[in-house]
There are 2 protein chains.
Amino acid sequence: MNDLQSYCRLIRHAIITSTTEAGSGHPSSSLSAVELVTALFFGGFLRYFPDNPDHPNNDRFILSKGHAAPLLYAAWAVAGAIPFEELNTLRKFTSNLEGHPTKNFPYTEVATGSLGQGLSVGVGMALNAKFLDKLPYTTYVLLGDSEMAEGSNWEAIQLAAYYKLSNLVGIIDVNRLGQRGETMYGSDVSAFAERVQAFGWHVICVDGHSLDEITQAYATIKCSEIAMPHMIIASTRKGKGVSIMEDKDGWHGKALSKEQSEAALKVLGDVDTSLRGELAVPEDIKPASYDPEPDDFEEENSKDKMSTREAYGHALVKLHDSVPDMVVLDAEMSNSTFAAEFKKVYPERFFEMFIAEQNMVGVAVGLAARGKVPYISTFGSFFTRAVDQIRVAQYSQSHINCIGSHVGVSIGQDGATQMGLEDMAIFRAILDSVVLYPADRVASERLVKVMATQESMCYMRISKMEVEQLYTDTEEFHIGGSKVLRTSSNDSVTIVAAGVTLYEALKAHEDLAKQDISVRVIDAYSVKPIDTKTLQDAARETKALIIVEDHFAEGGLGDAVRSALSDRPVRIYSLAVRKMPHSGTPEELLDFEEISAKHIVKKVTDIISRM
Amino acid sequence: MNDLQSYCRLIRHAIITSTTEAGSGHPSSSLSAVELVTALFFGGFLRYFPDNPDHPNNDRFILSKGHAAPLLYAAWAVAGAIPFEELNTLRKFTSNLEGHPTKNFPYTEVATGSLGQGLSVGVGMALNAKFLDKLPYTTYVLLGDSEMAEGSNWEAIQLAAYYKLSNLVGIIDVNRLGQRGETMYGSDVSAFAERVQAFGWHVICVDGHSLDEITQAYATIKCSEIAMPHMIIASTRKGKGVSIMEDKDGWHGKALSKEQSEAALKVLGDVDTSLRGELAVPEDIKPASYDPEPDDFEEENSKDKMSTREAYGHALVKLHDSVPDMVVLDAEMSNSTFAAEFKKVYPERFFEMFIAEQNMVGVAVGLAARGKVPYISTFGSFFTRAVDQIRVAQYSQSHINCIGSHVGVSIGQDGATQMGLEDMAIFRAILDSVVLYPADRVASERLVKVMATQESMCYMRISKMEVEQLYTDTEEFHIGGSKVLRTSSNDSVTIVAAGVTLYEALKAHEDLAKQDISVRVIDAYSVKPIDTKTLQDAARETKALIIVEDHFAEGGLGDAVRSALSDRPVRIYSLAVRKMPHSGTPEELLDFEEISAKHIVKKVTDIISRM
């Protein structure tokens with residue numbers, strides 16, 4: 001215990017010093033959790049090879065309250081993982097110790113800082129340990145009390161209980177104060193305890209500054225055979241150990257001045273900055289080997305028409321042999337997205353996430369961090385539920401594959417709320433993302449496979465409508481590619497389309513041919529990156545481009561094409577969803593939104609007549 | 001009770017008939033809740049003037065499980081609000097009875113169909129009744145059991161308890177089956193009861209097909225003086241009354257065939273389609289008059305520099321007199337967004353939503369539906385948490401004003417997770433949305449006011465950095481406008497910027513002038529709609545446009561400008577955030593991302609050298 005107290009003092013010293021040196025940061029939110037982290041790291045609980053952060057059997061520690069980054073860095077410095085002096089580079093441009101933890105710091109599991117995301121990631125890692133890698137590691141997640149207001153945490157809590165993840169330990173640092181005052185429940189630890197317990201967790205309440213109580217709680221959990229996830233709920237004081245900020249409002253996200261810092265360090269007393277603590281050593285074991293015995297599955301019938309969503313389901317099944325690390329997650333939509341096909345054959349690699357998309361994305365990020373290749377699918381419209389998780393995943397450099405079905409007005413009768421009409425805008429805005437939009441069975445199947453080997457986030461948009469096969473079974477598709485489906489030596493204009501509108505473009509091509517008007521038709525199945533070369537050729541060789549997309553006018557294929565050609569003087573016209581969509585047949589709606597063959601023909605003839 | 005049973009049979013008849021006629025829809029999910037809705041509507045509980053859906057003292061009924069739309073339409077038909085025959089237009093192109101309810105049907109409170117949103121809207125309406133209009137109306141929300149997995153519902157549940165909304169009644173239709181099988185808790189009503197109770201609600205469990213038990217529950221709540229919101233948790237059977245689908249998997253979202261329908265109607269027995277039920281009559285009273293006694297507030301000091309976020313806070317206070325219906329919501333960020341300024345003066349019109357952005361947007365939609373003008377603010381990055389709610393708000397034709405602060409890499413040290421870098425992409429993709437991006441104090445204040453009178457969703461992006469005042473206090477700003485800040489008779493190229501990059505553009509202008517290069521500088525403060533005319537002039541009069549934005553390269557100002565000029569042959573170059581951002585000073589980061597004055601100068605000279 002004496003040792004632990006020394007570590008606590010050293011870590012407090014580091015938190016104060018590094019934030020004052022940075023001139024900003026979150027000392028108060030770091031100080032409240034010093035005992036919670038110190039006891040975990042140096043009380044013999046966290047098992048970790050510091051030389052090998054990626055060891056598959058390390059325990060995982062996720063700082064969901066990412067603003068307490070100074071505490072995370074200080075703890076790892078005391079563990080000897082980084083030089084102690086490096087702490088004073090906090091928040092500097094060239095430092096890996098950012099304001100909120102990112103993957104630049106090798107002991108960060110995932111980027112955090114948007115609150116309410118860490119527990120979902122932890123659920124993913126705990127699922128991996130229990131059901132996939134079958135390793136005895138434990139996943140710890142440190143949460144703030146303010147962030148418990150995020151519904152995403154309750155999605156994670158319910159799912160962890162459902163899967164009986166007794167290898168998951170949450171720790172809530174109830175320091176009473178949020179950013180702008182008291183949290184919803186203030187210092188009422190029992191409010192949290194009752195709620196978490198009602199959701200099916202094993203709960204232990206502790207004084208978060210009593211090393212005795214904390215180590216006792218960790219020890220109890222370690223020996224526990226309760227088939228429930230565990231939550232330690234700790235009553236703490238924000239700014240603990242620095243009297244001018246301790247339990248006082250107005251100190252969120254504020255560093256002490258040099259003078260205040262000196263005074264605080266004086267009260268803290270002398271520390272030995274060469275002091276180092278030891279982490280417990282994990283068993284050096286590897287993930288369970290995986291030797292699936294697939295249930296029987298029938299090849300799909302050779303149908304005349306097939307939707308790209310159905311092709312997605314079949315592709316998942318076919319992909320498994322070459323990508324055994326793949327995992328499929330569903331948000332209660334698997335019969336519509338056809339992900340259910342995969343579940344039928346490989347049920348042990350399929351996880352039902354229920355209608356909780358935020359948590360689904362977080363779990364996928366956790367699985368990806370443990371080496372899995374997640375394919376997660378729901379309606380394209382419902383990925384909008386998880387945009388913050390998707391956004392933060394890019395900062396975790398997470399390779400997750402998101403597949404959104406039922407996109408566009410072409411879904412028909414279900415109406416606007418079910419239509420994915422902004423999905424491309426959202427996924428295009430992610431750094432280094434890949435956005436794909438297959439038109440037929442072959443393209444859908446090929447692109448599912450192509451996604452498996454990417455390094456950044458992929459999104460594929462798939463459709464409800466059954467459509468004819470356009471491509472032969474041997475056709476190749478690649479990231480950044482496109483297909484010129486119709487061309488001649490005298491193409492007047494170029495039609496760029498993808499997915500269902502490609503069929504409209506082909507119909508328009510046929511109709512225009514009857515009027516002796518020849519147009520080029522490009523299948524822009526890779527929306528990001530887009531095939532700039534092919535578009536540039538079209539811009540040079542034809543007089544204008546018309547982009548047709550079953551998506552709102554902003555952020556989608558139109559913007560992608562205009563961006564690719566912005567340094568050339570070419571006229572570009574866009575047909576997209578611009579009127580309030582509603583229920584109707586697919587054909588009525590494509591026509592109403594002026595993205596049907598009829599409207600393409602009209603646009604082409606208008607353009608030609610003005611030439 | 002006999003009457004209620006007759007209404008139930010008639011409503012079941014209508015559900016079966018209308019969905020079979022449509023050939024699609026959700027009879028099974030509608031049938032499970034027939035008794036719950038019938039007892040509410042025709043048991044003397046729902047108080048409503050059917051001739052005046054907008055009466056301020058009507059009780060409100062929100063169908064959160066929006067796929068049960070056939071039930072909603074049938075209930076209103078039996079109430080005499082629409083002709084009974086109209087039910088058979090369900091899901092047709094010209095019908096107001098869409099697959100999921102929208103505002104085209106006048107008895108829809110808000111569009112639903114993306115699950116887990118109705119309760120938040122209900123919280124907004126109940127807050128309005130209790131704290132703003134001070135009216136005795138009750139808000140009822142019918143929820144599905146599957147959608148209780150959405151964290152957003154738990155955000156709404158916790159907030160309703162916090163504000164002790166005893167005028168809010170939730171009803172969970174626990175029909176056991178979700179879309180693709182059993183829900184997380186199956187038929188375990190107690191699982192829901194324990195969780196909701198732990199969150200501080202008054203809970204009553206009933207047999208959802210017993211009219212006796214249901215009416216007893218509504219009556220108990222009506223007389224209750226418990227200062228808690230109420231939840232009725234009803235055990236039901238999906239497809240109730242139609243034996244081939246009742247409590248059977250595989251019937252989600254499927255209509256009966258003509259033959260199946262005929263058989264089902266036969267079992268149901270004869271119904272009298274001319275039967276009409278009566279709703280209870282509300283008191284015909286008006287909202288409380290509002291006569292605020294503002295607390296003292298100090299005008300801001302005339303500072304040399306001010307951030308647009310600080311100006312936003314001051315503008316809210318100043319706006320109140322001319323827009324007394326305004327309400328300000330905060331997600332625990334009010335000291336950073338400066339919304340706290342408003343709270344200081346008008347605390348009774350300010351509501352703390354805690355860190356739960358999904359619910360915040362839902363509450364705003366509820367308030368807007370009751371005639372309020374909500375201003376809701378958090379970091380721009382954290383609006384990504386609520387994109388589904390934002391998306392669905394457009395289908396409710398909801399005028400809410402969202403203000404996102406701390407946008408761009410220019411926030412500096414806090415790092416990437418805190419930087420709003422995709423916010424414009426998201427809000428631009430909303431139909432008829434307005435996206436604003438003021439550069440200085442004056443613009444920020446004016447645009448806050450301009451938003452108040454819009455009819456569709458507005459988003460304003462504001463910055464952390466303190467900047468100099470660019471405009472005089474009398475300068476006017478309007479939706480769709482821009483300002484040409486620098487121009488001459490021989491401008492070589494045009495720089496289009498907004499917000500912090502406008503200052504970089506002005507610096508670049510100065511530096512280039514020293515090299516005898518004259519450039520035009522446009523402040524594109526209205527990103528959507530954008531000032532096409534001014535951009536067209538620039539396209540004609542200068543040789544190229546350079547767009548500079550502190551936002552990712554996709555979906556923002558660059559795409560907006562390219563889209564506006566896509567039918568003209570002009571070269572457009574874009575400087576935007578293209579590298580993984582991290583911690584550092586604002587200046588270091590603007591430079592790193594190549595959106596600083598230095599990089600603008602370089603781009604201009606590059607372009608000129610190639611002319």
# chains A, B, ... in the order shown; residues from 1 in each chain; ligands from 1

$ residues_around --residues "Pro294 (chain B)" --least-positions-apart "2" --cutoff "6 Å" --atoms "only C-alpha atoms" --output "list in words"
Pro292, Val345 and Tyr346 of chain B

$ write_last_selection --atoms "N, CA and C atoms" --output "compact mmCIF listing (two decimals), in the first residue's frame"
# COMPACT_ATOMS: atom_id res chain seq x y z
N PRO B 292 -41.24 37.84 -18.99
CA PRO B 292 -39.99 37.56 -18.29
C PRO B 292 -39.49 38.75 -17.50
N VAL B 345 -29.42 35.09 -17.82
CA VAL B 345 -30.45 36.13 -17.90
C VAL B 345 -31.86 35.55 -17.95
N TYR B 346 -32.00 34.46 -18.68
CA TYR B 346 -33.33 33.85 -18.84
C TYR B 346 -33.29 32.38 -18.43

$ interface_residues --of "chain A" --to "chain B" --cutoff "6 Å" --atoms "only C-alpha atoms" --output "PyMOL selection string"
chain A and resi 91-93+98-99+113+149-152+154-155+180+194-195+198+332+335+355-356+384-385+387-388+413-415+417+422+429+554-555+559+566-572+583-584

$ atom_distance --atom1 "CA of Ala255 (chain B)" --atom2 "CA of Gly144 (chain B)"
18.9 Å

$ select_by_dssp --residues "region 467-600 of chain B" --states "strand (DSSP E or B)" --output "MDAnalysis selection string"
chainID B and resid 467:468 483:486 493:497 519:523 526:528 545:552 572:577

$ select_by_dssp --residues "region 61-152 of chain B" --states "helix (DSSP H, G or I)" --output "NGL selection string"
:B and (66-78 or 84-89 or 118-132 or 146-149 or 151-152)

$ atom_distance --atom1 "CA of Pro27 (chain B)" --atom2 "CA of Gly404 (chain A)"
25.5 Å

$ residues_around --residues "region 211-220 of chain A" --least-positions-apart "4" --cutoff "10 Å" --atoms "only C-alpha atoms" --output "list in words"
Met1, Asn2, Leu4, Gln5, Cys8, Val34, Glu35, Leu36, Val37, Thr38, Ala39, Leu40, Gly43, Gly44, Phe45, Leu46, Val169, Val203, Ile204, Cys205, Val206, Asp207, Ser224, Glu225, His230, Met231, Ile232, Ile233 and Ala234 of chain A

$ residues_around --residues "Met326 (chain B)" --least-positions-apart "6" --cutoff "8 Å" --atoms "only C-alpha atoms" --output "list in words"
His320, Arg349, Lys372, Val373, Pro374 and Tyr375 of chain B

$ residues_around --residues "region 75-78 of chain A" --least-positions-apart "6" --cutoff "9 Å" --atoms "only C-alpha atoms" --output "ChimeraX atom specification"
/A:7,10-11,34,37-38,41,50,84-87,107,273-278

$ write_last_selection --atoms "C-alpha atoms" --output "compact mmCIF listing (two decimals), in the first residue's frame"
# COMPACT_ATOMS: atom_id res chain seq x y z
CA TYR A 7 2.89 5.98 -7.21
CA LEU A 10 4.19 10.68 -8.44
CA ILE A 11 1.29 10.46 -10.89
CA VAL A 34 -5.47 8.58 -9.72
CA VAL A 37 -5.77 3.73 -12.09
CA THR A 38 -2.79 3.31 -9.79
CA PHE A 41 -1.84 -0.78 -12.84
CA PRO A 50 4.80 -3.20 -21.75
CA PHE A 84 9.15 10.36 -17.62
CA GLU A 85 10.41 13.59 -19.21
CA GLU A 86 8.26 12.95 -22.27
CA LEU A 87 5.22 13.83 -20.15
CA TYR A 107 -0.62 2.29 -25.22
CA THR A 273 10.59 10.79 -10.40
CA SER A 274 12.78 7.75 -10.95
CA LEU A 275 10.26 5.55 -9.16
CA ARG A 276 8.88 2.85 -11.46
CA GLY A 277 6.06 0.39 -10.85
CA GLU A 278 5.63 -3.07 -12.26

$ atom_distance --atom1 "CA of His13 (chain A)" --atom2 "CA of Arg47 (chain A)"
24.7 Å

$ residues_around --residues "region 442-459 of chain A" --least-positions-apart "2" --cutoff "8 Å" --atoms "only C-alpha atoms" --output "PyMOL selection string"
chain A and resi 308-309+311-312+314-316+319+323+373+394+397-404+427+432-440+461-462+469-473+475-479

$ write_last_selection --atoms "N, CA and C atoms" --output "compact mmCIF listing (two decimals), in the first residue's frame"
# COMPACT_ATOMS: atom_id res chain seq x y z
N THR A 308 -28.48 -6.11 -54.81
CA THR A 308 -27.09 -6.08 -54.32
C THR A 308 -27.03 -6.46 -52.84
N ARG A 309 -28.15 -6.28 -52.11
CA ARG A 309 -28.13 -6.70 -50.69
C ARG A 309 -28.11 -8.22 -50.58
N ALA A 311 -26.86 -10.21 -52.76
CA ALA A 311 -25.50 -10.59 -53.17
C ALA A 311 -24.51 -10.39 -52.02
N TYR A 312 -24.73 -9.34 -51.24
CA TYR A 312 -23.87 -9.08 -50.07
C TYR A 312 -23.92 -10.26 -49.10
N HIS A 314 -24.67 -13.40 -49.66
CA HIS A 314 -23.96 -14.56 -50.21
C HIS A 314 -22.46 -14.35 -50.18
N ALA A 315 -22.06 -13.12 -50.48
CA ALA A 315 -20.62 -12.82 -50.53
C ALA A 315 -19.97 -13.02 -49.17
N LEU A 316 -20.67 -12.66 -48.12
CA LEU A 316 -20.11 -12.85 -46.77
C LEU A 316 -19.78 -14.31 -46.54
N LEU A 319 -16.79 -15.39 -48.56
CA LEU A 319 -15.54 -14.73 -48.17
C LEU A 319 -14.85 -15.42 -47.01
N VAL A 323 -10.93 -15.17 -45.48
CA VAL A 323 -10.77 -14.15 -44.42
C VAL A 323 -11.34 -14.72 -43.12
N VAL A 373 -11.82 -8.60 -38.61
CA VAL A 373 -12.25 -7.82 -39.77
C VAL A 373 -13.78 -7.75 -39.72
N GLN A 394 -12.10 6.83 -37.25
CA GLN A 394 -11.02 7.23 -38.15
C GLN A 394 -9.78 7.63 -37.37
N GLN A 397 -7.74 4.83 -36.40
CA GLN A 397 -7.22 4.14 -37.59
C GLN A 397 -7.80 2.75 -37.70
N SER A 398 -9.09 2.71 -37.55
CA SER A 398 -9.80 1.45 -37.44
C SER A 398 -10.30 1.01 -38.81
N HIS A 399 -10.01 -0.22 -39.15
CA HIS A 399 -10.57 -0.76 -40.40
C HIS A 399 -11.85 -1.53 -40.09
N ILE A 400 -12.97 -0.84 -40.26
CA ILE A 400 -14.25 -1.52 -40.14
C ILE A 400 -14.97 -1.37 -41.48
N ASN A 401 -15.76 -2.36 -41.81
CA ASN A 401 -16.51 -2.34 -43.06
C ASN A 401 -17.99 -2.16 -42.74
N CYS A 402 -18.53 -1.02 -43.16
CA CYS A 402 -19.94 -0.72 -42.91
C CYS A 402 -20.71 -0.93 -44.20
N ILE A 403 -21.82 -1.62 -44.09
CA ILE A 403 -22.62 -1.87 -45.29
C ILE A 403 -24.05 -1.38 -45.02
N GLY A 404 -24.46 -0.41 -45.81
CA GLY A 404 -25.79 0.19 -45.62
C GLY A 404 -26.74 -0.23 -46.72
N PHE A 427 -20.01 9.26 -45.17
CA PHE A 427 -18.82 8.41 -45.25
C PHE A 427 -17.72 9.02 -46.13
N ASP A 432 -9.49 9.26 -45.68
CA ASP A 432 -9.02 7.99 -46.25
C ASP A 432 -10.09 6.91 -46.32
N SER A 433 -11.34 7.31 -46.23
CA SER A 433 -12.40 6.31 -46.32
C SER A 433 -12.55 5.81 -47.75
N VAL A 434 -13.16 4.64 -47.86
CA VAL A 434 -13.50 4.06 -49.16
C VAL A 434 -15.03 3.99 -49.21
N VAL A 435 -15.62 4.49 -50.29
CA VAL A 435 -17.08 4.45 -50.45
C VAL A 435 -17.41 3.74 -51.76
N LEU A 436 -18.13 2.65 -51.64
CA LEU A 436 -18.42 1.80 -52.80
C LEU A 436 -19.93 1.71 -53.04
N TYR A 437 -20.29 1.50 -54.28
CA TYR A 437 -21.71 1.51 -54.61
C TYR A 437 -21.94 0.58 -55.81
N PRO A 438 -22.04 -0.72 -55.52
CA PRO A 438 -22.19 -1.69 -56.62
C PRO A 438 -23.58 -1.62 -57.24
N ALA A 439 -23.63 -1.95 -58.52
CA ALA A 439 -24.91 -1.93 -59.22
C ALA A 439 -25.54 -3.31 -59.32
N ASP A 440 -24.72 -4.33 -59.39
CA ASP A 440 -25.32 -5.66 -59.58
C ASP A 440 -24.69 -6.69 -58.66
N ARG A 461 -22.69 0.77 -50.14
CA ARG A 461 -24.12 1.13 -50.17
C ARG A 461 -24.80 0.11 -51.08
N ILE A 462 -25.82 -0.55 -50.56
CA ILE A 462 -26.49 -1.58 -51.34
C ILE A 462 -28.00 -1.32 -51.36
N GLN A 469 -28.37 -8.82 -63.86
CA GLN A 469 -26.92 -8.89 -63.77
C GLN A 469 -26.31 -8.14 -64.95
N LEU A 470 -25.35 -7.28 -64.65
CA LEU A 470 -24.71 -6.48 -65.70
C LEU A 470 -23.38 -7.05 -66.12
N TYR A 471 -22.71 -7.67 -65.16
CA TYR A 471 -21.33 -8.08 -65.38
C TYR A 471 -21.22 -9.60 -65.41
N THR A 472 -20.21 -10.08 -66.12
CA THR A 472 -19.96 -11.51 -66.11
C THR A 472 -19.30 -11.89 -64.79
N ASP A 473 -19.35 -13.16 -64.49
CA ASP A 473 -18.86 -13.61 -63.19
C ASP A 473 -17.36 -13.43 -63.01
N GLU A 475 -15.68 -10.66 -64.00
CA GLU A 475 -15.33 -9.24 -64.03
C GLU A 475 -14.61 -8.84 -62.74
N GLU A 476 -13.59 -8.00 -62.88
CA GLU A 476 -12.84 -7.54 -61.70
C GLU A 476 -13.25 -6.13 -61.32
N PHE A 477 -13.25 -5.85 -60.04
CA PHE A 477 -13.57 -4.52 -59.53
C PHE A 477 -12.48 -4.12 -58.53
N HIS A 478 -12.11 -2.86 -58.55
CA HIS A 478 -11.12 -2.44 -57.56
C HIS A 478 -11.37 -1.04 -57.03
N ILE A 479 -10.81 -0.79 -55.86
CA ILE A 479 -10.94 0.52 -55.22
C ILE A 479 -10.39 1.58 -56.18

$ residues_around --residues "Leu265 (chain A)" --least-positions-apart "5" --cutoff "10 Å" --atoms "only C-alpha atoms" --output "MDAnalysis selection string"
chainID A and resid 9 12:14 16:17 241:242 259:260 270:271

$ closest_residue --among "A:Asn88, A:Ser64, A:Ser190, A:Ser609" --to "Val141 (chain A)" --atoms "only C-alpha atoms"
A:Ser64

$ closest_residue --among "A:Ala498, A:Ala564, A:Val365, A:Ile221" --to "Val407 (chain A)" --atoms "only C-alpha atoms"
A:Ala498
